[in-house]
Each structure stands twice: as C-alpha cells, then as structure tokens.
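Peer 1: Below you'll find the structure I mean.
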Amino acid sequence: MAEPGPGPSRARQEEPGAAGKEEAAPAPKKRRLAGGERYVPPPRKLNAGVSFGAEHFAETSYYFEGGLRKVRPYYFDFRTYCKGRWVGRSLLHVFGTEFRAQPLAYYRAAARAGRLRLNEEPVRDLDIVLKNNDFLRNTVHRHEPPVTAQPIRILAEDEEVVVVDKPSSLPVHPCGRFRHNTVIFILGKEHGLRELHTLHRLDRMTSGVLMFAKTAAVSKRIDEQVRQRQLEKEYVCRVVGEFPEHEVVCEEPILVVSYKVGVCRVDPKGKPCQTLFQRLSYNGSSSVVRCLPRTGRTHQIRVHLQFLGHPIVNDPIYNMEAWGPDRGKGGKIGKTDEELLKALVEEHRSKQSLEVLGIGEEDLNSSGESKDCGNSGDCTKSAEADPVNGSSCPAEDEKDPERNDVAACPLNSDTNLEMLDKDKELSLCENQEGRTGEKGGEEKDPLCVECRTSRRDPSPKELVMFLHALRYKGADFEYCSSMPEWAKEDWEE
C-alpha cells in the first residue's frame with residue numbers, strides 16, 4: 001500500500017465509528033480497467049472489536065509542563081469513504097463547501113505535498129469527480145489541547161473490570177481534537193490496560209468514578225443493567241448560593257442546542273428527565289449538593305442546576321454571562337439559540353479560553369451541525385447511561401461527524417499558500433525520535449497553522465469543574481471515590 005509520504009509512523013486506522021467499529025482501507029488489488037476508467041475498489045466490511053493497539057499508542061508521547069499533560073505534535077491519517085452527497089461532485093467543490101475551516105489553497109498545497117490520497121493514489125487534480133466507495137485519506141500534523149497533569153487513579157481492578165477516578169478535563173475516549181490526551185490512551189500507554197470496553201461516560205470536565213469492562217461478555221452484562229435502569233449513580237457538586245435545605249426534584253425536559261459546542265437548555269420540546277438534589281453543606285457563599293439522576297440526558301445535572309438558579313460555581317458553559325443577568329434561571333435566556341451560542345463563544349474567545357470548551361477556531365468555521373454522533377465510542381450502548389451525557393454522546397464527542405474526516409489542519413485564510421514554491425517538496429517532518437528537547441524540538445510543519453500559532457495554555461485551575469461522580473452501583477457491584485477537596489464542608493476558594 002502506498003504511503004502518503006516520508007515521515008513518522010502514522011495511524012493505519014480511522015477513529016472507530018459510532019458502533020465501536022473501524023473502517024479499513026480498501027484492498028489494494030485492482031481489476032483490469034477500460035480505457036480512461038478510474039478504479040474504485042469495493043469497501044471492506046467493518047470489523048467489530050476494540051480498536052486501539054500498540055501501534056496507535058506509539059504514535060507520539062507525552063511531556064509535562066506547568067501542571068499540564070501535553071502531547072507532542074504528530075502526523076495522523078484521517079480517513080473516510082465518500083459520503084453519498086459527495087458522489088458526482090469534485091473534490092475541490094466538497095472541500096470548498098463542506099470543509100471551510102481552511103482555504104482551498106491549503107488543499108492544493110496538501111495535494112502537492114502528497115498528503116491527499118484517493119483510493120491510496122496521490123491526488124494530483126482537485127477537480128477529480130468523486131464516485132461511490134471512493135476512499136479518501138488526509139495526512140495532517142495534529143496538535144492536541146493540553147489536559148491536567150493529575151494522574152488517573154485506579155480504584156479497582158479484577159479479571160472483569162477496571163474502575164478509575166477520572167480527573168477533570170480528560171475525555172473518556174478519542175473525540176474531536178483529543179486522541180492521546182484521553183483516558184483510554186493514557187490507560188493503554190501508561191498502565192498497560194488495553195482492549196477496554198467503555199461501559200459509561202463522563203463529560204470531559206466531570207471527574208470521578210469511571211468503569212471499563214475487560215471483555216465483551218462483561219460489557220454486555222452490565223449494558224443490560226444500564227438499559228433496565230438498574231444502576232444507581234451519585235454525583236456531588238458545588239453550586240452558587242444557598243441551595244434549599246429540603247430535597248429538590250427537577251423534572252424539566254432538556255433539549256440539545258448545539259452538538260458542536262456542547263450546549264443544552266430546558267425546553268418543552270426536550271427529552272423528559274428527573275434529578276433529585278440534596279444539600280450537604282453551605283459555607284456562606286456556595287453549597288455542596290448531592291445529585292441523584294434518575295435518567296441520563298446530556299448535561300442533565302448541570303442544566304437542571306442552572307434552571308434552579310444554582311449553577312455549578314465554575315461551570316464553563318452554564319454559569320456564563322452569555323445566559324443573561326440571571327444566568328438562565330427558570331429557563332429565562334432572552335436570546336435565540338443562535339444568539340446564545342454566539343455570545344458563549346465570544347465570551348470564551350475574549351478570555352482566550354476556547355480550549356476549555358474543547359473547541360478551537362477551526363471547529364467554529366467547519367461545516368454545519370449534525371445530530372448524528374461523531375464520537376469514537378459506542379454511542380448506542382450508553383443510552384440512559386450517564387446523567388451528564390446521557391443517551392447522547394458527551395459534549396466533547398458531539399462534534400460534526402465529518403469535521404475530522406478530511407479537514408483537520410486549518411490554515412488562516414490570509415495564509416498565502418499559493419505562493420509556496422511548487423517545486424519545493426513539502427515533505428513531512430522528522431519523526432518524534434529524531435527531535436530534540438523535552439518539548440519535541442522546534443521542527444515545524446510547513447502546512448500546519450498550529451505550528452505557527454502561539455496559544456495561551458489554560459491554567460490547571462481552569463481545567464477543573466466542581467462536578468464529581470462519587471458512586472456507581474449496579475446489581476452486583478458498587479464503586480466509590482473519595483470526596484474531592486472542593487466538596488468539603490469548610491472549603492473556601
């Protein structure tokens with residue numbers, strides 16, 4: 001199989017799809033072609049199973065700086081089969097209409113560099129018309145956002161399950177801009193825990209008890225408990241103000257406003273849900289509250305607390321000025337969904353904190369929203385599984401399902417790539433082993449805007465949200481983590 005070009009070892013597999021499966025490149029064997037006919041190989045069948053192995057974990061490495069875990073930039077192949085709506089359209093037209101995060105000049109330069117391949121052949125002409133089953137590969141220089149350097153603590157492990165205490169800011173599995181800075185990859189790379197099956201999910205900014213099955217049989221058994229609502233989940237959080245002393249039950253329906261940014265709100269058209277809240281303590285300015293979700297909708301706990309007028313103290317979405325003077329209390333926002341999203345993004349942009357949302361400028365400029373899930377896990381098996389993320393995927397997973405297929409290395413529109421010397425070979429940089437220094441050296445990729453962009457790192461404090469999964473109980477198991485420091489009765493910021 002022809003490779004996209006010289007450089008470091010690259011992933012041979014796409015991020016697995018919504019059914020926990022992966023797409024393999026088409027078979028290289030070709031049939032005899034008629035004059036002028038372009039060969040389009042048949043798609044291979046999807047292979048079930050756990051998708052990440054040693055070659056994926058070896059793509060790059062970590063380094064630690066300023067209380068943050070960082071990933072050395074690396075080359076990665078995004079792969080996709082031709083979407084039905086692309087058939088009969090030119091590659092240039094698809095790039096120009098559906099992947100607007102970067103100018104067409106980027107794709108022309110990428111083609112000259114040998115980074116775009118169609119059916120494993122270099123793309124020489126972007127005017128080529130796409131056919132059904134065409135297989136597209138785009139090699140990009142990938143930069144991941146930093147996460148907290150706090151280690152993942154293993155709470156329990158036996159022959160059936162692994163239970164960990166997940167730190168805030170870590171996605172459970174690869175999604176969006178995150179791959180190596182995820183629980184799945186860190187467990188595989190640093191603890192030798194591989195071929196794990198995701199049983200439930202926690203939002204990226206939520207910490208606490210997280211379970212994985214070691215075998216498909218265990219995964220199926222616990223999944224059945226999930227579907228029959230036999231699991232009990234208990235969370236603890238710190239909210240604004242003096243929460244009522246009596247038990248509070250909130251049953252407001254929740255609607256997803258944006259999968260890309262990961263925003264929900266109370267709305268009559270939303271999905272029914274129920275959360276029980278019990279105050280544990282009050283320190284004069286904020287309250288610690290126990291949360292007992294009876295259903296599992298996206299951001300259910302956070303949205304219900306906002307509706308009650310007691311948002312989580314440092315919630316980077318639901319405790320923002322963008323929601324209005326009352327911060328969304330009682331569902332009063334005074335903005336359309338579009339105005340709300342714009343205000344949220346602008347508020348974080350002004351604070352240089354878009355990374356805290358798990359998005360970048362390229363996410364905002366890419367193609368439109370889709371209610372289909374683009375995450376790398378098994379969405380369907382987690383229906384009603386988690387009160388923070390629920391039957392949908394986690395907020396960090398709810399990106400446009402096509403954003404990362406072939407358009408993952410944005411360039412500013414004013415970057416004059418057309419002026420790059422067409423005779424200059426834009427080959428891939430040295431592999432990570434050839435670089436020097438703890439931070440991976442100063443090698444720059446000529447097509448990568450991230451290599452030329454200086455970003456403010458989030459502080460470790462910004463990567464913590466005061467929402468913690470304290471307990472997870474099933475028919476034959478119960479796992480608990482310790483109460484976080486911020487949840488102690490006498491805690492003060």
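Naming scheme: A, B, ... for chains in displayed order of the structure tokens; residues 1 onward per chain; ligands 1 onward as shown.
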Leu467 of chain A: which residues within 10 Å, counting only C-alpha atoms, same-chain residues fewer than 6 positions away excluded, as a ChimeraX atom specification?
Peer 2: /A:168,203,205-208,235-239,288-291,301-302,312-315,388,484,486-487
Peer 1: What does the distance between atom CA of Ser454 of chain A and atom CA of Arg100 of chain A come to in Å, to one decimal place?
Peer 2: 21.9 Å
Peer 1: Hey, can you check how far atom CA of Phe477 of chain A sits from atom CA of Leu202 of chain A?
Peer 2: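 Calculated distance between atom CA of Phe477 of chain A and atom CA of Leu202 of chain A is 18.7 Å.
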Peer 1: Select from segment 94-255 of chain A everything DSSP, run on the backbone, classes as strand (DSSP E or B), then give the selection as a ChimeraX atom specification.
Peer 2: /A:116-118,121-122,129,135-142,147-148,153-157,161-166,175,178,197-198,207-213,232-240,248-250,254-255
Peer 1: Per residue of segment 243-295 of chain A within 9 Å of segment 220-233 of chain A, record the nearest atom pair and its distance in Å to one decimal, counting only C-alpha atoms, with rows in chain order and ascending residue number, as CSV.
Peer 2:
residue,atom,partner,partner_atom,distance
A:Cys291,CA,A:Lys233,CA,8.4
A:Leu292,CA,A:Lys233,CA,6.3
A:Pro293,CA,A:Lys233,CA,6.7
A:Arg294,CA,A:Glu232,CA,8.1
A:Thr295,CA,A:Arg229,CA,8.3
Peer 1: Dump C-alpha atoms for the selected residues as a PDB file, in the first residue's frame?
Peer 2:
ATOM      1  CA  CYS A 291     -27.145  14.803  42.813  1.00  0.00           C
ATOM      2  CA  LEU A 292     -29.124  11.626  42.146  1.00  0.00           C
ATOM      3  CA  PRO A 293     -30.090  11.452  38.459  1.00  0.00           C
ATOM      4  CA  ARG A 294     -32.965   9.109  37.598  1.00  0.00           C
ATOM      5  CA  THR A 295     -32.417   9.476  33.855  1.00  0.00           C
TER       6      THR A 295
END
Peer 1: Using only C-alpha atoms, which protein or nucleic acid residues come within 8 Å of Val249 of chain A? Drop anything in the same chain fewer than 6 positions from it, and give the result as a PyMOL selection string.
Peer 2: chain A and resi 274-277
Peer 1: May I have the residues from that selection written out with N, CA and C atoms, as a PDB file, in the first residue's frame?
Peer 2:
ATOM      1  N   GLN A 274     -35.294  13.477  35.094  1.00  0.00           N
ATOM      2  CA  GLN A 274     -35.541  13.756  36.510  1.00  0.00           C
ATOM      3  C   GLN A 274     -34.232  13.678  37.295  1.00  0.00           C
ATOM      4  N   THR A 275     -34.009  14.673  38.150  1.00  0.00           N
ATOM      5  CA  THR A 275     -32.848  14.689  39.033  1.00  0.00           C
ATOM      6  C   THR A 275     -33.273  15.065  40.440  1.00  0.00           C
ATOM      7  N   LEU A 276     -32.770  14.324  41.432  1.00  0.00           N
ATOM      8  CA  LEU A 276     -33.001  14.648  42.846  1.00  0.00           C
ATOM      9  C   LEU A 276     -31.755  15.329  43.402  1.00  0.00           C
ATOM     10  N   PHE A 277     -31.977  16.418  44.147  1.00  0.00           N
ATOM     11  CA  PHE A 277     -30.872  17.167  44.731  1.00  0.00           C
ATOM     12  C   PHE A 277     -31.043  17.257  46.243  1.00  0.00           C
TER      13      PHE A 277
END
Peer 1: Using 10 Å as the limit and counting only C-alpha atoms, can you tabulate each residue of segment 138-223 of chain A that touches segment 107-121 of chain A, with its shortest atom-to-atom distance in Å and the two atoms involved, as JSON lines?
Peer 2:
{"residue": "A:Asn138", "atom": "CA", "partner": "A:Leu116", "partner_atom": "CA", "distance": 4.9}
{"residue": "A:Thr139", "atom": "CA", "partner": "A:Arg115", "partner_atom": "CA", "distance": 5.0}
{"residue": "A:Val140", "atom": "CA", "partner": "A:Arg115", "partner_atom": "CA", "distance": 7.5}
Peer 1: Keeping all heavy atoms, export the residues of the selection given above as a PDB file, in the first residue's frame.
Peer 2:
ATOM      1  N   ASN A 138      -6.344  11.837   4.350  1.00  0.00           N
ATOM      2  CA  ASN A 138      -5.693  13.137   4.506  1.00  0.00           C
ATOM      3  C   ASN A 138      -4.703  13.049   5.655  1.00  0.00           C
ATOM      4  O   ASN A 138      -5.081  12.785   6.792  1.00  0.00           O
ATOM      5  CB  ASN A 138      -6.743  14.220   4.802  1.00  0.00           C
ATOM      6  CG  ASN A 138      -6.106  15.596   4.978  1.00  0.00           C
ATOM      7  OD1 ASN A 138      -5.059  15.884   4.425  1.00  0.00           O
ATOM      8  ND2 ASN A 138      -6.765  16.446   5.752  1.00  0.00           N
ATOM      9  N   THR A 139      -3.429  13.255   5.369  1.00  0.00           N
ATOM     10  CA  THR A 139      -2.397  13.232   6.403  1.00  0.00           C
ATOM     11  C   THR A 139      -2.222  14.636   6.966  1.00  0.00           C
ATOM     12  O   THR A 139      -1.980  15.585   6.211  1.00  0.00           O
ATOM     13  CB  THR A 139      -1.058  12.734   5.825  1.00  0.00           C
ATOM     14  OG1 THR A 139      -1.242  11.425   5.290  1.00  0.00           O
ATOM     15  CG2 THR A 139       0.008  12.692   6.912  1.00  0.00           C
ATOM     16  N   VAL A 140      -2.355  14.763   8.273  1.00  0.00           N
ATOM     17  CA  VAL A 140      -2.282  16.079   8.912  1.00  0.00           C
ATOM     18  C   VAL A 140      -1.252  16.057  10.039  1.00  0.00           C
ATOM     19  O   VAL A 140      -0.879  15.006  10.546  1.00  0.00           O
ATOM     20  CB  VAL A 140      -3.653  16.497   9.488  1.00  0.00           C
ATOM     21  CG1 VAL A 140      -4.713  16.532   8.413  1.00  0.00           C
ATOM     22  CG2 VAL A 140      -4.076  15.570  10.624  1.00  0.00           C
TER      23      VAL A 140
END
Peer 1: Neighbours of Lys269 of chain A within 9 Å (only C-alpha atoms; same-chain residues fewer than 6 positions away dropped), as a count of residues only?
Peer 2: 3
Peer 1: Go through A:Arg177, A:Glu492, A:Asn132, A:Glu234 and flag the residue nearest Ser285 of chain A, using only C-alpha atoms for the distances.
Peer 2: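 Residue with the minimum atom-to-atom distance to Ser285 of chain A: A:Glu492.
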Peer 1: Write out as a list in words the residues lying within 6 Å of Val129 of chain A, counting only C-alpha atoms and excluding same-chain residues fewer than 4 positions away.
Peer 2: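 Once the adjacent positions are removed, what remains is Gly88, Arg89 and Ser90 of chain A.
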Peer 1: For the atom pair atom CA of Pro73 of chain A and atom CA of Ala149 of chain A, what is the interatomic distance in Å to one decimal place?
Peer 2: 17.4 Å
Peer 1: Excluding Gly309 of chain A and any residue of its chain fewer than 6 positions from it, enumerate the residues within 8 Å of it, using only C-alpha atoms, and give them as JSON, numbers by chain.
Peer 2: {"A": [326, 327, 328, 329, 330]}
Peer 1: With all heavy atoms kept, could you save the residues just selected as a PDB file, in the first residue's frame?
Peer 2:
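New file result.pdb:
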ATOM      1  N   ASP A 326     -29.585  36.644  34.859  1.00  0.00           N
ATOM      2  CA  ASP A 326     -29.984  35.594  35.792  1.00  0.00           C
ATOM      3  C   ASP A 326     -29.308  34.260  35.496  1.00  0.00           C
ATOM      4  O   ASP A 326     -29.651  33.238  36.108  1.00  0.00           O
ATOM      5  CB  ASP A 326     -31.505  35.405  35.772  1.00  0.00           C
ATOM      6  CG  ASP A 326     -32.240  36.637  36.289  1.00  0.00           C
ATOM      7  OD1 ASP A 326     -31.701  37.292  37.200  1.00  0.00           O
ATOM      8  OD2 ASP A 326     -33.335  36.925  35.773  1.00  0.00           O
ATOM      9  N   ARG A 327     -28.359  34.261  34.569  1.00  0.00           N
ATOM     10  CA  ARG A 327     -27.613  33.052  34.209  1.00  0.00           C
ATOM     11  C   ARG A 327     -28.528  31.882  33.842  1.00  0.00           C
ATOM     12  O   ARG A 327     -28.246  30.731  34.156  1.00  0.00           O
ATOM     13  CB  ARG A 327     -26.666  32.639  35.345  1.00  0.00           C
ATOM     14  CG  ARG A 327     -25.668  33.721  35.768  1.00  0.00           C
ATOM     15  CD  ARG A 327     -24.593  33.908  34.719  1.00  0.00           C
ATOM     16  NE  ARG A 327     -23.726  35.047  34.999  1.00  0.00           N
ATOM     17  CZ  ARG A 327     -22.444  34.959  35.386  1.00  0.00           C
ATOM     18  NH1 ARG A 327     -21.898  33.781  35.546  1.00  0.00           N
ATOM     19  NH2 ARG A 327     -21.725  36.031  35.591  1.00  0.00           N
ATOM     20  N   GLY A 328     -29.669  32.163  33.193  1.00  0.00           N
ATOM     21  CA  GLY A 328     -30.560  31.108  32.721  1.00  0.00           C
ATOM     22  C   GLY A 328     -31.519  30.565  33.757  1.00  0.00           C
ATOM     23  O   GLY A 328     -32.205  29.564  33.500  1.00  0.00           O
ATOM     24  N   LYS A 329     -31.596  31.184  34.911  1.00  0.00           N
ATOM     25  CA  LYS A 329     -32.502  30.708  35.956  1.00  0.00           C
ATOM     26  C   LYS A 329     -33.940  30.684  35.446  1.00  0.00           C
ATOM     27  O   LYS A 329     -34.408  31.618  34.799  1.00  0.00           O
ATOM     28  CB  LYS A 329     -32.403  31.617  37.185  1.00  0.00           C
ATOM     29  CG  LYS A 329     -33.331  31.208  38.323  1.00  0.00           C
ATOM     30  CD  LYS A 329     -33.171  32.133  39.515  1.00  0.00           C
ATOM     31  CE  LYS A 329     -34.094  31.724  40.667  1.00  0.00           C
ATOM     32  NZ  LYS A 329     -33.948  32.604  41.851  1.00  0.00           N
ATOM     33  N   GLY A 330     -34.645  29.599  35.745  1.00  0.00           N
ATOM     34  CA  GLY A 330     -36.031  29.475  35.310  1.00  0.00           C
ATOM     35  C   GLY A 330     -36.197  29.331  33.812  1.00  0.00           C
ATOM     36  O   GLY A 330     -37.309  29.442  33.293  1.00  0.00           O
TER      37      GLY A 330
END
